[in-house]
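Q: You'll find my_file.pdb just under this line, and it carries PDB, C-alpha atoms and all ligand atoms.
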```pdb
ATOM      1  CA  MET F   1     -42.566 -34.152  22.215  1.00  0.00           C
ATOM      2  CA  SER F   2     -43.662 -37.486  20.698  1.00  0.00           C
ATOM      3  CA  ARG F   3     -41.182 -40.287  20.251  1.00  0.00           C
ATOM      4  CA  GLU F   4     -41.340 -39.960  16.446  1.00  0.00           C
ATOM      5  CA  CYS F   5     -40.729 -36.295  16.681  1.00  0.00           C
ATOM      6  CA  THR F   6     -37.719 -36.774  18.986  1.00  0.00           C
ATOM      7  CA  ALA F   7     -36.324 -39.387  16.608  1.00  0.00           C
ATOM      8  CA  ALA F   8     -36.732 -37.008  13.685  1.00  0.00           C
ATOM      9  CA  VAL F   9     -34.894 -34.283  15.562  1.00  0.00           C
ATOM     10  CA  VAL F  10     -32.067 -36.679  16.426  1.00  0.00           C
ATOM     11  CA  VAL F  11     -31.824 -37.844  12.789  1.00  0.00           C
ATOM     12  CA  ALA F  12     -31.845 -34.250  11.590  1.00  0.00           C
ATOM     13  CA  ALA F  13     -29.120 -33.337  14.074  1.00  0.00           C
ATOM     14  CA  LEU F  14     -27.027 -36.333  13.022  1.00  0.00           C
ATOM     15  CA  LEU F  15     -27.500 -35.475   9.359  1.00  0.00           C
ATOM     16  CA  TRP F  16     -26.466 -31.902  10.053  1.00  0.00           C
ATOM     17  CA  VAL F  17     -23.291 -33.043  11.810  1.00  0.00           C
ATOM     18  CA  VAL F  18     -22.453 -35.623   9.125  1.00  0.00           C
ATOM     19  CA  CYS F  19     -23.176 -33.273   6.238  1.00  0.00           C
ATOM     20  CA  SER F  20     -21.556 -30.175   7.643  1.00  0.00           C
ATOM     21  CA  ALA F  21     -18.383 -31.874   8.886  1.00  0.00           C
ATOM     22  CA  PRO F  22     -16.760 -32.401   5.466  1.00  0.00           C
ATOM     23  CA  ALA F  23     -17.653 -28.865   4.419  1.00  0.00           C
ATOM     24  CA  TYR F  24     -16.060 -27.545   7.586  1.00  0.00           C
ATOM     25  CA  ALA F  25     -12.942 -29.650   7.041  1.00  0.00           C
ATOM     26  CA  ALA F  26     -12.572 -28.276   3.510  1.00  0.00           C
ATOM     27  CA  GLN F  27     -12.505 -24.694   4.816  1.00  0.00           C
ATOM     28  CA  PRO F  28      -8.961 -23.890   5.931  1.00  0.00           C
ATOM     29  CA  VAL F  29      -8.529 -22.064   9.201  1.00  0.00           C
ATOM     30  CA  VAL F  30      -7.640 -18.478   8.353  1.00  0.00           C
ATOM     31  CA  VAL F  31      -4.944 -17.072  10.632  1.00  0.00           C
ATOM     32  CA  ARG F  32      -3.941 -13.443  11.099  1.00  0.00           C
ATOM     33  CA  VAL F  33      -0.669 -12.163   9.658  1.00  0.00           C
ATOM     34  CA  GLY F  34       0.173 -10.808  13.127  1.00  0.00           C
ATOM     35  CA  ASP F  35      -0.157 -14.343  14.517  1.00  0.00           C
ATOM     36  CA  ILE F  36       2.149 -15.726  11.833  1.00  0.00           C
ATOM     37  CA  VAL F  37       4.797 -13.170  12.747  1.00  0.00           C
ATOM     38  CA  GLN F  38       4.360 -13.760  16.488  1.00  0.00           C
ATOM     39  CA  ARG F  39       4.248 -17.553  16.226  1.00  0.00           C
ATOM     40  CA  ALA F  40       6.827 -17.859  13.430  1.00  0.00           C
ATOM     41  CA  VAL F  41       9.060 -20.212  15.444  1.00  0.00           C
ATOM     42  CA  GLU F  42       6.188 -22.597  16.048  1.00  0.00           C
ATOM     43  CA  LEU F  43       4.763 -22.290  12.509  1.00  0.00           C
ATOM     44  CA  ASP F  44       8.111 -22.627  10.722  1.00  0.00           C
ATOM     45  CA  GLY F  45       7.701 -25.119   7.864  1.00  0.00           C
ATOM     46  CA  SER F  46       3.933 -25.478   8.197  1.00  0.00           C
ATOM     47  CA  GLU F  47       1.246 -24.397   5.788  1.00  0.00           C
ATOM     48  CA  VAL F  48      -1.063 -21.555   6.770  1.00  0.00           C
ATOM     49  CA  THR F  49      -3.924 -19.656   5.163  1.00  0.00           C
ATOM     50  CA  PHE F  50      -4.321 -15.952   5.748  1.00  0.00           C
ATOM     51  CA  GLU F  51      -6.089 -13.001   4.221  1.00  0.00           C
ATOM     52  CA  GLY F  52      -5.051  -9.420   3.688  1.00  0.00           C
ATOM     53  CA  GLU F  53      -4.613  -6.511   1.323  1.00  0.00           C
ATOM     54  CA  ALA F  54      -1.997  -6.670  -1.435  1.00  0.00           C
ATOM     55  CA  ILE F  55       0.037  -3.476  -1.044  1.00  0.00           C
ATOM     56  CA  GLY F  56       2.809  -1.649  -2.876  1.00  0.00           C
ATOM     57  CA  GLU F  57       3.642  -3.591  -5.994  1.00  0.00           C
ATOM     58  CA  ALA F  58       4.738  -7.028  -7.108  1.00  0.00           C
ATOM     59  CA  LEU F  59       8.520  -6.896  -6.785  1.00  0.00           C
ATOM     60  CA  ARG F  60      10.565  -9.113  -9.056  1.00  0.00           C
ATOM     61  CA  ALA F  61      12.195 -11.901  -7.020  1.00  0.00           C
ATOM     62  CA  ASP F  62      13.830 -13.998  -9.710  1.00  0.00           C
ATOM     63  CA  GLY F  63      13.096 -15.249 -13.225  1.00  0.00           C
ATOM     64  CA  ASP F  64       9.450 -16.197 -12.827  1.00  0.00           C
ATOM     65  CA  SER F  65       8.509 -15.230  -9.304  1.00  0.00           C
ATOM     66  CA  VAL F  66       7.685 -12.070  -7.388  1.00  0.00           C
ATOM     67  CA  TRP F  67       7.255 -10.733  -3.872  1.00  0.00           C
ATOM     68  CA  VAL F  68       3.858  -9.462  -2.830  1.00  0.00           C
ATOM     69  CA  ASN F  69       3.367  -7.712   0.509  1.00  0.00           C
ATOM     70  CA  VAL F  70       0.135  -8.689   2.236  1.00  0.00           C
ATOM     71  CA  LEU F  71      -1.155  -6.349   4.940  1.00  0.00           C
ATOM     72  CA  ASP F  72      -3.548  -7.502   7.656  1.00  0.00           C
ATOM     73  CA  GLU F  73      -4.442  -5.330  10.663  1.00  0.00           C
ATOM     74  CA  GLY F  74      -1.267  -3.271  10.449  1.00  0.00           C
ATOM     75  CA  THR F  75       1.137  -6.176   9.969  1.00  0.00           C
ATOM     76  CA  ALA F  76       2.542  -7.018   6.547  1.00  0.00           C
ATOM     77  CA  ILE F  77       4.347 -10.128   5.415  1.00  0.00           C
ATOM     78  CA  GLY F  78       6.369 -10.812   2.269  1.00  0.00           C
ATOM     79  CA  VAL F  79       4.835 -13.559   0.156  1.00  0.00           C
ATOM     80  CA  TRP F  80       6.900 -15.200  -2.535  1.00  0.00           C
ATOM     81  CA  MET F  81       4.829 -16.502  -5.434  1.00  0.00           C
ATOM     82  CA  PRO F  82       5.071 -17.426  -9.109  1.00  0.00           C
ATOM     83  CA  ASP F  83       4.201 -14.753 -11.689  1.00  0.00           C
ATOM     84  CA  ASP F  84       0.983 -16.423 -12.825  1.00  0.00           C
ATOM     85  CA  MET F  85      -0.340 -16.417  -9.248  1.00  0.00           C
ATOM     86  CA  ALA F  86       0.459 -12.715  -8.816  1.00  0.00           C
ATOM     87  CA  GLU F  87      -1.188 -11.887 -12.148  1.00  0.00           C
ATOM     88  CA  GLN F  88      -4.583 -12.453 -10.521  1.00  0.00           C
ATOM     89  CA  ILE F  89      -4.017  -9.330  -8.416  1.00  0.00           C
ATOM     90  CA  GLU F  90      -5.259  -6.244 -10.228  1.00  0.00           C
ATOM     91  CA  ARG F  91      -4.838  -3.522  -7.629  1.00  0.00           C
ATOM     92  CA  PHE F  92      -2.134  -3.006  -5.042  1.00  0.00           C
ATOM     93  CA  GLY F  93      -2.818  -0.711  -2.110  1.00  0.00           C
ATOM     94  CA  ALA F  94      -1.274   2.762  -2.318  1.00  0.00           C
ATOM     95  CA  TYR F  95      -2.292   6.340  -1.537  1.00  0.00           C
ATOM     96  CA  ARG F  96      -4.639   6.487  -4.491  1.00  0.00           C
ATOM     97  CA  GLN F  97      -6.285   3.090  -4.128  1.00  0.00           C
ATOM     98  CA  THR F  98      -6.863   0.177  -1.804  1.00  0.00           C
ATOM     99  CA  GLY F  99      -5.422  -3.151  -2.893  1.00  0.00           C
ATOM    100  CA  ASP F 100      -7.247  -6.357  -3.683  1.00  0.00           C
ATOM    101  CA  THR F 101      -7.982  -8.623  -0.747  1.00  0.00           C
ATOM    102  CA  VAL F 102      -6.173 -11.900  -1.252  1.00  0.00           C
ATOM    103  CA  ARG F 103      -6.457 -15.226   0.519  1.00  0.00           C
ATOM    104  CA  VAL F 104      -3.061 -16.881   0.513  1.00  0.00           C
ATOM    105  CA  THR F 105      -2.136 -20.421   1.434  1.00  0.00           C
ATOM    106  CA  GLY F 106       1.564 -20.995   1.818  1.00  0.00           C
ATOM    107  CA  VAL F 107       4.461 -22.368   3.830  1.00  0.00           C
ATOM    108  CA  VAL F 108       5.960 -20.250   6.609  1.00  0.00           C
ATOM    109  CA  ASN F 109       9.759 -19.921   6.662  1.00  0.00           C
ATOM    110  CA  LEU F 110      11.151 -18.490   9.859  1.00  0.00           C
ATOM    111  CA  ALA F 111      14.576 -17.885   8.292  1.00  0.00           C
ATOM    112  CA  CYS F 112      14.271 -18.683   4.621  1.00  0.00           C
ATOM    113  CA  ASP F 113      17.488 -20.217   3.256  1.00  0.00           C
ATOM    114  CA  ARG F 114      16.535 -19.257  -0.257  1.00  0.00           C
ATOM    115  CA  HIS F 115      15.806 -15.614   0.515  1.00  0.00           C
ATOM    116  CA  GLY F 116      18.513 -14.232   2.761  1.00  0.00           C
ATOM    117  CA  GLY F 117      17.410 -15.790   6.049  1.00  0.00           C
ATOM    118  CA  ASP F 118      14.306 -13.668   6.525  1.00  0.00           C
ATOM    119  CA  LEU F 119      10.802 -14.580   7.604  1.00  0.00           C
ATOM    120  CA  ASP F 120       8.623 -15.140   4.563  1.00  0.00           C
ATOM    121  CA  VAL F 121       5.797 -17.227   3.157  1.00  0.00           C
ATOM    122  CA  HIS F 122       6.072 -19.277  -0.029  1.00  0.00           C
ATOM    123  CA  ALA F 123       2.579 -19.268  -1.546  1.00  0.00           C
ATOM    124  CA  THR F 124       1.051 -22.504  -2.786  1.00  0.00           C
ATOM    125  CA  ALA F 125      -2.356 -21.003  -3.589  1.00  0.00           C
ATOM    126  CA  LEU F 126      -3.860 -17.550  -3.978  1.00  0.00           C
ATOM    127  CA  GLU F 127      -7.425 -16.410  -4.368  1.00  0.00           C
ATOM    128  CA  VAL F 128      -8.588 -12.825  -4.831  1.00  0.00           C
ATOM    129  CA  THR F 129     -11.552 -12.474  -2.458  1.00  0.00           C
ATOM    130  CA  GLY F 130     -12.173  -8.742  -2.804  1.00  0.00           C
ATOM    131  CA  SER F 131     -11.409  -5.955  -5.244  1.00  0.00           C
ATOM    132  CA  GLY F 132      -9.436  -2.884  -4.350  1.00  0.00           C
ATOM    133  CA  GLU F 133     -10.868   0.488  -5.300  1.00  0.00           C
ATOM    134  CA  PRO F 134      -9.832   4.113  -5.719  1.00  0.00           C
ATOM    135  CA  ARG F 135      -9.702   5.979  -2.447  1.00  0.00           C
ATOM    136  CA  SER F 136     -12.159   8.799  -2.018  1.00  0.00           C
ATOM    137  CA  GLU F 137     -11.132  12.031  -3.785  1.00  0.00           C
ATOM    138  CA  ARG F 138     -12.055  14.022  -0.722  1.00  0.00           C
ATOM    139  CA  LEU F 139      -9.559  12.215   1.484  1.00  0.00           C
ATOM    140  CA  ARG F 140      -6.706  12.414  -0.926  1.00  0.00           C
ATOM    141  CA  PRO F 141      -5.105  15.737   0.115  1.00  0.00           C
ATOM    142  CA  LEU F 142      -5.064  14.696   3.770  1.00  0.00           C
ATOM    143  CA  GLU F 143      -3.644  11.295   2.953  1.00  0.00           C
ATOM    144  CA  ALA F 144      -1.033  12.840   0.707  1.00  0.00           C
ATOM    145  CA  LEU F 145      -0.065  15.183   3.545  1.00  0.00           C
ATOM    146  CA  VAL F 146       0.136  12.370   6.094  1.00  0.00           C
ATOM    147  CA  GLY F 147       2.132  10.345   3.583  1.00  0.00           C
ATOM    148  CA  ALA F 148       4.507  13.234   2.909  1.00  0.00           C
ATOM    149  CA  ILE F 149       5.077  13.780   6.643  1.00  0.00           C
ATOM    150  CA  GLY F 150       5.663  10.043   7.058  1.00  0.00           C
ATOM    151  CA  PHE F 151       8.239   9.998   4.310  1.00  0.00           C
ATOM    152  CA  ALA F 152       9.928  13.122   5.721  1.00  0.00           C
ATOM    153  CA  CYS F 153      10.160  11.511   9.183  1.00  0.00           C
ATOM    154  CA  ALA F 154      11.508   8.261   7.739  1.00  0.00           C
ATOM    155  CA  GLY F 155      14.018  10.226   5.683  1.00  0.00           C
ATOM    156  CA  ALA F 156      15.128  12.248   8.724  1.00  0.00           C
ATOM    157  CA  ALA F 157      15.435   9.073  10.824  1.00  0.00           C
ATOM    158  CA  ALA F 158      17.533   7.407   8.131  1.00  0.00           C
ATOM    159  CA  LEU F 159      19.755  10.503   7.938  1.00  0.00           C
ATOM    160  CA  VAL F 160      20.227  10.566  11.721  1.00  0.00           C
ATOM    161  CA  ALA F 161      21.040   6.841  11.730  1.00  0.00           C
ATOM    162  CA  ARG F 162      23.557   7.295   8.917  1.00  0.00           C
ATOM    163  CA  THR F 163      25.200  10.261  10.630  1.00  0.00           C
ATOM    164  CA  ARG F 164      25.478   8.285  13.866  1.00  0.00           C
ATOM    165  CA  GLU F 165      26.994   5.380  12.026  1.00  0.00           C
ATOM    166  CA  ARG F 166      29.542   7.615  10.354  1.00  0.00           C
ATOM    167  CA  LYS F 167      30.398   9.234  13.685  1.00  0.00           C
ATOM    168  CA  ARG F 168      30.943   5.860  15.264  1.00  0.00           C
ATOM    169  CA  PHE F 169      33.114   4.889  12.313  1.00  0.00           C
ATOM    170  CA  GLU F 170      35.155   8.076  12.614  1.00  0.00           C
ATOM    171  CA  GLU F 171      35.540   7.697  16.353  1.00  0.00           C
ATOM    172  CA  THR F 172      37.031   4.243  16.103  1.00  0.00           C
TER     173      THR F 172
HETATM  174 ZN    ZN P   1      11.750 -17.553   0.935  1.00  0.00          ZN
END
```
For this file, write the structure as structure tokens.

A:
Amino acid sequence: MSRECTAAVVVAALLWVVCSAPAYAAQPVVVRVGDIVQRAVELDGSEVTFEGEAIGEALRADGDSVWVNVLDEGTAIGVWMPDDMAEQIERFGAYRQTGDTVRVTGVVNLACDRHGGDLDVHATALEVTGSGEPRSERLRPLEALVGAIGFACAGAAALVARTRERKRFEET
């Protein structure tokens, strides 16, 4: 390689580093919801960015804010956000449809004083990065069946727990 050529390569490499660094810095590190839950003690009070599927529905929190559950690889977290932020979400995941994929930036609260001492995230920014869609018609009966069995099991478990509680109460 000639000296000029080497110099050009070095300049190109330097330019690449200089030019790509700010772009890299502007991209927040996306963490997994599972990591937030596992590292909640360490992340308490810090801002994180994560991505997942909006599921269920936007539940009214107070006057102008709602709760949105964001599911990522089997772990969901409750995200508290203002109404206008939640309005960007068109579809929420359910049996009949998958929810929009949202990228949330927010502050982790290990035991939120404002919301009953639970782990939550207070969103500061939300971006819809993917659209939810209707689930395939063909899969629906199976999913409905699995869902029905799930609900029946949960119902039975709740009944057993309640009966146990009552027994304990009666025994004392
Ligand atoms: Zn909170």

Q: Starting from 5 Å padding per side, set up an axis-aligned box that covers all listed atoms of segment 102-113 of chain F and hand over centre and edge lengths in Å, one decimal, as JSON.

A:
```
{"center_x": 5.5, "center_y": -17.1, "center_z": 4.3, "size_x": 33.9, "size_y": 20.5, "size_z": 21.1}
```

Q: Got a sec: who's within 10 Å of His122 of chain F, counting only C-alpha atoms, leaving out chain neighbours fewer than 2 positions off, as a count of residues only?

A: 18

Q: Which of these, F:Gly130, F:Gly117, F:Gly147, F:Gly52, has the shortest distance to ligand ZN 1 (chain P) once you count only C-alpha atoms and all ligand atoms?

A: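 For ligand ZN 1 (chain P), the nearest of the candidates is F:Gly117.
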
Q: Evaluate the PyMOL selection byres (((chain F and resi 36) around 12) and not hetatm) and record the selected residues as a VMD selection string, following the chain and residue labels used in the document.

A: chain F and resid 30 to 35 37 to 51 72 75 to 78 106 to 110 119 to 121

Q: For the structure provided, state which residues fall under the PyMOL selection byres (((chain F and resi 102) around 6) and not hetatm), and present them as a list in words.

A: Glu51, Gly52, Thr101, Arg103, Glu127, Val128 and Thr129 of chain F

Q: For a cut-off of 12 Å around (4.9, -16.3, -12.8), file coordinates, pick out all residues using only C-alpha atoms and list them as JSON, numbers by chain.

A: {"F": [58, 59, 60, 61, 62, 63, 64, 65, 66, 67, 80, 81, 82, 83, 84, 85, 86, 87, 88, 123]}

Q: One decimal, Å: what's the distance from atom CA of Gly93 of chain F over to atom CA of Leu126 of chain F, could you say?

A: 17.0 Å

Q: Could you give me segment 46-73 of chain F completed to N, CA and C atoms, formatted as a short mmCIF file (atom, residue, chain, number, x, y, z; two decimals), keeping the file's coordinate frame?

A:
```cif
data_model
loop_
_atom_site.label_atom_id
_atom_site.label_comp_id
_atom_site.auth_asym_id
_atom_site.auth_seq_id
_atom_site.Cartn_x
_atom_site.Cartn_y
_atom_site.Cartn_z
N SER F 46 5.31 -25.01 8.35
CA SER F 46 3.93 -25.48 8.20
C SER F 46 3.14 -24.57 7.26
N GLU F 47 2.07 -25.14 6.74
CA GLU F 47 1.25 -24.40 5.79
C GLU F 47 0.15 -23.63 6.53
N VAL F 48 -0.03 -22.38 6.14
CA VAL F 48 -1.06 -21.56 6.77
C VAL F 48 -1.90 -20.89 5.68
N THR F 49 -3.08 -20.45 6.06
CA THR F 49 -3.92 -19.66 5.16
C THR F 49 -4.23 -18.35 5.86
N PHE F 50 -4.04 -17.26 5.16
CA PHE F 50 -4.32 -15.95 5.75
C PHE F 50 -4.88 -15.04 4.68
N GLU F 51 -5.44 -13.92 5.15
CA GLU F 51 -6.09 -13.00 4.22
C GLU F 51 -5.61 -11.59 4.51
N GLY F 52 -5.46 -10.79 3.48
CA GLY F 52 -5.05 -9.42 3.69
C GLY F 52 -5.08 -8.64 2.39
N GLU F 53 -4.61 -7.40 2.49
CA GLU F 53 -4.61 -6.51 1.32
C GLU F 53 -3.25 -6.55 0.65
N ALA F 54 -3.25 -6.73 -0.67
CA ALA F 54 -2.00 -6.67 -1.44
C ALA F 54 -1.60 -5.21 -1.52
N ILE F 55 -0.38 -4.88 -1.06
CA ILE F 55 0.04 -3.48 -1.04
C ILE F 55 1.34 -3.27 -1.81
N GLY F 56 1.57 -2.02 -2.18
CA GLY F 56 2.81 -1.65 -2.88
C GLY F 56 2.77 -2.10 -4.31
N GLU F 57 3.62 -3.06 -4.64
CA GLU F 57 3.64 -3.59 -5.99
C GLU F 57 4.26 -4.98 -5.93
N ALA F 58 4.09 -5.72 -7.02
CA ALA F 58 4.74 -7.03 -7.11
C ALA F 58 6.20 -6.79 -7.47
N LEU F 59 7.09 -7.14 -6.55
CA LEU F 59 8.52 -6.90 -6.78
C LEU F 59 9.17 -8.16 -7.35
N ARG F 60 9.90 -7.98 -8.41
CA ARG F 60 10.56 -9.11 -9.06
C ARG F 60 11.50 -9.82 -8.07
N ALA F 61 11.32 -11.13 -7.91
CA ALA F 61 12.20 -11.90 -7.02
C ALA F 61 13.28 -12.57 -7.85
N ASP F 62 12.88 -13.44 -8.75
CA ASP F 62 13.83 -14.00 -9.71
C ASP F 62 13.07 -14.25 -11.01
N GLY F 63 13.63 -15.05 -11.88
CA GLY F 63 13.10 -15.25 -13.22
C GLY F 63 11.58 -15.23 -13.37
N ASP F 64 10.89 -16.08 -12.63
CA ASP F 64 9.45 -16.20 -12.83
C ASP F 64 8.68 -16.13 -11.51
N SER F 65 9.23 -15.37 -10.57
CA SER F 65 8.51 -15.23 -9.30
C SER F 65 8.65 -13.80 -8.78
N VAL F 66 7.71 -13.43 -7.93
CA VAL F 66 7.68 -12.07 -7.39
C VAL F 66 7.40 -12.10 -5.89
N TRP F 67 7.62 -10.95 -5.26
CA TRP F 67 7.26 -10.73 -3.87
C TRP F 67 6.00 -9.87 -3.84
N VAL F 68 5.05 -10.27 -3.04
CA VAL F 68 3.86 -9.46 -2.83
C VAL F 68 3.72 -9.25 -1.32
N ASN F 69 3.58 -8.00 -0.91
CA ASN F 69 3.37 -7.71 0.51
C ASN F 69 1.88 -7.77 0.82
N VAL F 70 1.54 -8.55 1.84
CA VAL F 70 0.14 -8.69 2.24
C VAL F 70 -0.04 -8.09 3.62
N LEU F 71 -0.93 -7.10 3.70
CA LEU F 71 -1.16 -6.35 4.94
C LEU F 71 -2.46 -6.78 5.60
N ASP F 72 -2.36 -7.09 6.89
CA ASP F 72 -3.55 -7.50 7.66
C ASP F 72 -3.46 -6.87 9.03
N GLU F 73 -4.39 -6.01 9.35
CA GLU F 73 -4.44 -5.33 10.66
C GLU F 73 -3.09 -4.71 11.05
#
```
